[in-house]
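Structure file target_29.txt (compact mmCIF, C-alpha atoms) is printed below.
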# COMPACT_ATOMS: atom_id res chain seq x y z
CA MET K 829 11.39 8.05 -8.06
CA LYS K 830 11.63 4.27 -8.42
CA ASN K 831 14.40 4.13 -5.79
CA ILE K 832 12.34 6.23 -3.37
CA ALA K 833 9.38 3.86 -3.78
CA LEU K 834 11.54 0.77 -3.41
CA GLY K 835 13.44 2.19 -0.42
CA GLY K 836 10.21 3.31 1.25
CA PHE K 837 8.55 -0.07 0.70
CA ILE K 838 11.51 -2.09 2.00
CA SER K 839 11.89 0.28 4.96
CA ALA K 840 8.20 -0.19 5.81
CA ILE K 841 8.51 -4.00 5.71
CA ALA K 842 11.71 -3.91 7.81
CA THR K 843 10.32 -1.52 10.44
CA PHE K 844 7.07 -3.52 10.55
CA MET K 845 9.13 -6.63 11.37
CA TRP K 846 11.13 -4.59 13.94
CA GLY K 847 7.82 -3.57 15.57
CA PHE K 848 6.72 -7.17 15.83
CA LEU K 849 10.08 -8.26 17.25
CA PHE K 850 10.13 -5.39 19.74
CA TRP K 851 6.53 -5.33 20.98
CA ALA K 852 5.42 -8.97 20.61
CA THR K 853 8.38 -10.54 22.38
CA PRO K 854 9.76 -10.08 25.91
CA ILE K 855 12.09 -7.24 24.78
CA SER K 856 9.62 -4.50 25.75
CA GLN K 857 8.11 -6.19 28.80
CA PRO K 858 10.38 -4.65 31.47
CA ALA K 859 8.67 -1.31 30.77
CA MET K 860 5.17 -2.69 31.37
CA LYS K 861 3.07 -3.27 34.44
CA HIS K 862 0.31 -5.85 34.23
CA ALA K 863 -3.05 -6.00 35.95
CA THR K 864 -4.35 -9.34 37.16
CA PRO K 865 -7.34 -10.91 35.36
CA GLU K 866 -9.56 -9.82 38.26
CA GLN K 867 -8.22 -6.25 38.09
CA ASN K 868 -8.78 -6.22 34.32
CA THR K 869 -12.41 -7.24 34.78
CA THR K 870 -13.02 -4.69 37.54
CA ILE K 871 -11.37 -1.81 35.67
CA ARG K 872 -13.21 -2.63 32.43
CA GLU K 873 -16.54 -2.63 34.26
CA ILE K 874 -15.76 0.69 35.98
CA LEU K 875 -14.77 2.23 32.63
CA LYS K 876 -17.96 0.95 30.94
CA GLN K 877 -20.12 2.31 33.74
CA ASN K 878 -18.43 5.70 33.98
CA LEU K 879 -17.24 6.74 30.51
CA SER K 880 -19.89 7.09 27.84
CA GLU K 881 -17.81 8.11 24.81
CA THR K 882 -14.69 6.92 23.05
CA GLY K 883 -11.90 9.43 23.69
CA THR K 884 -8.92 10.42 25.79
CA TYR K 885 -9.56 11.27 29.42
CA PHE K 886 -7.26 12.88 31.96
CA ILE K 887 -7.85 11.95 35.59
CA PRO K 888 -8.21 14.25 37.43
CA ASP K 889 -9.87 16.55 34.88
CA GLN K 890 -9.34 20.29 35.13
CA MET K 891 -12.35 21.42 33.08
CA HIS K 892 -14.99 21.60 35.83
CA ASP K 893 -13.34 22.46 39.14
CA MET K 894 -9.85 23.97 39.05
CA ASP K 895 -9.39 23.97 42.84
CA GLY K 896 -10.47 20.33 43.07
CA PHE K 897 -8.24 19.49 40.12
CA MET K 898 -5.17 21.09 41.74
CA HIS K 899 -5.80 19.25 45.02
CA GLN K 900 -6.46 15.89 43.31
CA HIS K 901 -3.43 16.35 41.04
CA ARG K 902 -1.13 16.88 44.04
CA GLU K 903 -2.72 13.98 45.92
CA GLY K 904 -2.80 11.47 43.03
CA PRO K 905 -3.36 9.07 41.45
CA LEU K 906 -3.03 10.51 37.94
CA ALA K 907 -4.14 8.68 34.80
CA THR K 908 -4.44 9.21 31.08
CA ILE K 909 -7.10 6.91 29.70
CA HIS K 910 -7.30 6.26 25.97
CA PHE K 911 -10.77 4.75 25.86
CA ARG K 912 -12.44 2.91 22.99
CA ARG K 913 -15.91 1.95 24.08
CA GLU K 914 -16.69 -0.36 21.17
CA GLY K 915 -13.54 -2.50 21.40
CA ALA K 916 -11.53 -3.78 18.43
CA GLU K 917 -9.98 -6.97 17.08
CA ALA K 918 -6.60 -7.46 18.79
CA MET K 919 -3.85 -7.48 16.15
CA GLY K 920 -6.39 -7.77 13.33
CA LEU K 921 -5.37 -7.76 9.68
CA GLY K 922 -6.88 -4.31 9.14
CA VAL K 923 -4.77 -2.78 11.89
CA MET K 924 -1.64 -4.47 10.58
CA LEU K 925 -2.27 -3.19 7.05
CA GLN K 926 -2.98 0.33 8.31
CA GLY K 927 0.24 0.25 10.33
CA LEU K 928 2.25 -0.96 7.35
CA PHE K 929 0.68 1.72 5.15
CA HIS K 930 1.47 4.38 7.77
CA MET K 931 5.09 3.26 7.89
CA MET K 932 5.35 3.27 4.11
CA ILE K 933 3.96 6.81 3.83
CA VAL K 934 6.45 8.07 6.44
CA TRP K 935 9.45 6.38 4.81
CA LEU K 936 8.41 7.52 1.31
CA PHE K 937 8.27 11.08 2.60
CA VAL K 938 11.64 10.77 4.38
CA GLY K 939 13.13 9.21 1.23
CA TRP K 940 11.81 12.02 -0.94
CA VAL K 941 13.23 14.66 1.43
CA LEU K 942 16.55 12.81 1.48
CA SER K 943 16.70 12.89 -2.32
CA GLN K 944 16.41 16.69 -2.37
CA PHE K 945 19.83 17.49 -0.88
CA ARG K 946 22.83 17.28 -3.21
CA GLN K 947 25.19 17.60 -0.23
CA LEU K 948 24.13 14.14 0.94
CA ASP K 949 26.27 12.48 -1.70
CA THR K 950 27.56 9.54 0.34
CA TYR K 951 25.86 6.65 2.09
CA THR K 952 27.29 7.76 5.45
CA LYS K 953 25.99 11.33 5.09
CA ARG K 954 22.51 10.09 4.19
CA LEU K 955 22.49 7.51 7.00
CA ARG K 956 23.67 10.01 9.59
CA THR K 957 21.17 12.66 8.48
CA VAL K 958 18.14 10.38 8.68
CA LEU K 959 19.34 8.91 11.97
CA PHE K 960 19.86 12.36 13.53
CA PHE K 961 16.34 13.38 12.54
CA GLY K 962 15.00 10.09 13.88
CA VAL K 963 16.66 10.56 17.26
CA ALA K 964 15.43 14.15 17.45
CA SER K 965 11.92 13.06 16.50
CA ALA K 966 11.83 10.24 19.05
CA VAL K 967 13.19 12.37 21.86
CA TRP K 968 10.85 15.26 21.02
CA SER K 969 7.60 13.36 20.66
CA THR K 970 8.09 10.36 22.92
CA LEU K 971 9.98 11.72 25.91
CA GLY K 972 7.66 14.70 26.23
CA MET K 973 4.88 12.42 27.48
CA PRO K 974 6.32 11.63 30.92
CA ILE K 975 7.31 15.28 31.34
CA TRP K 976 4.02 16.98 30.46
CA TYR K 977 1.59 14.26 31.57
CA PHE K 978 3.45 12.83 34.57
CA GLN K 979 3.38 9.35 33.08
CA PRO K 980 5.93 6.77 34.24
CA TRP K 981 9.24 7.00 32.39
CA ALA K 982 9.86 3.27 31.77
CA TYR K 983 7.26 2.83 29.03
CA TRP K 984 8.21 6.03 27.21
CA MET K 985 11.93 5.27 27.41
CA MET K 986 11.24 1.85 25.89
CA THR K 987 9.08 3.47 23.19
CA CYS K 988 11.91 5.91 22.46
CA VAL K 989 14.32 2.98 22.04
CA TYR K 990 11.83 1.37 19.65
CA ASP K 991 11.44 4.61 17.66
CA VAL K 992 15.19 5.16 17.36
CA GLY K 993 15.60 1.53 16.29
CA ALA K 994 12.95 1.94 13.58
CA TRP K 995 14.59 5.13 12.33
CA ALA K 996 18.02 3.43 12.31
CA ILE K 997 16.66 0.52 10.24
CA ALA K 998 14.93 2.85 7.79
CA ALA K 999 18.00 5.12 7.64
CA ALA K 1000 20.24 2.21 6.64
CA ILE K 1001 17.82 1.14 3.90
CA LEU K 1002 16.91 4.60 2.60
CA ALA K 1003 20.55 5.71 2.51
CA ARG K 1004 21.28 2.71 0.28
CA PHE K 1005 18.43 3.29 -2.19
CA ILE K 1006 18.10 7.06 -2.35
CA LYS K 1007 20.68 9.26 -3.96
CA PRO K 1008 20.39 13.05 -4.34
CA ALA K 1009 18.81 14.34 -7.55

So that I can check it, write out the structure of this file as structure tokens.
Amino acid sequence: MKNIALGGFISAIATFMWGFLFWATPISQPAMKHATPEQNTTIREILKQNLSETGTYFIPDQMHDMDGFMHQHREGPLATIHFRREGAEAMGLGVMLQGLFHMMIVWLFVGWVLSQFRQLDTYTKRLRTVLFFGVASAVWSTLGMPIWYFQPWAYWMMTCVYDVGAWAIAAAILARFIKPA
């Protein structure tokens, strides 16, 4: 159990650093589009005036007029808006700690699962197993977004690269620390 905890903790620190390197530097920027300061102000005002609750909104929305929805969907534009009315501290300590905790819980769980299979008796087998599950997870959850919600591929491809990178880092660490029971 000590090795699972240590492997999970080190994996969380390493993937946290990977996240900073990936998202806070120019690496991920080719997948992003940026609004001008004037566009930011205009869009924020429109959102404040037209959306009353924090939530996720699909534009167009199919819940009130299916014929109108079908026409507007074909015509475009389409948008998924994740809206937080009250705002939040950008990159605040609380968010960073929650993210680190989230990562640690995931890697502790993956480490525990890894420890349950006697067949994974070599570093390479453990590394490969975690990496295969990581790739499958990233492709399943991340690349479904542009398919089902018609969102541009560039951002989700970049997010998939980030996810696979995080899984590869954690796989290398967990495979070193965790041995089957």

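Note that atom CA of K:Met932 and atom CA of K:Tyr990 are 16.9 Å apart.
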
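The nearest approach to K:Asp889 among the residues K:Ala842, K:Ala859, K:Val992, K:Ile909, with all atoms listed in the file taken into account, belongs to K:Ile909.
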
Quick one: of K:Ala996, K:Ile832, K:Ile874, K:Ile887, who's nearest to K:Gln979, counting all atoms listed in the file?
->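 Closest to K:Gln979, using all atoms listed in the file: K:Ile887.
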
Distance query stretch 957-972 of chain K at most 7 Å, only C-alpha atoms, self and fewer than 5 positions along chain excluded, as JSON, numbers by chain = {"K": [984, 985, 987, 988, 991, 992, 995, 996, 999]}

Selection near K:Gln890, 12 Å with all atoms listed in the file, sequence-local residues under 5 positions removed, as an MDAnalysis selection string | chainID K and resid 885 895:901 906

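Comparing the minimum interatomic distances between K:Gln877 and each of K:Asp893, K:Gln947, K:Arg913, K:Ala852, counting only C-alpha atoms, we find that K:Arg913 sits nearest.
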
From K:Gln944, K:Thr864, K:Thr908, K:Thr869, residue lying nearest K:Gly883 [all atoms listed in the file] = K:Thr908

Which of these residues is nearest to K:Ile997, using only C-alpha atoms: K:Gly847, K:Ser880, K:Thr950, K:His930?
->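 Of K:Gly847, K:Ser880, K:Thr950, K:His930, the one nearest K:Ile997, counting only C-alpha atoms, is K:Gly847.
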
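Shortest separation to K:Phe844 among K:Val938, K:Leu928, K:Leu955, K:Met860 occurs at residue K:Leu928, atoms counted being all atoms listed in the file.
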
Have a look at atom CA of K:Met845 and atom CA of K:Leu925 and let me know their distance in Å, one decimal.
->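 These atoms are spaced 12.7 Å apart.
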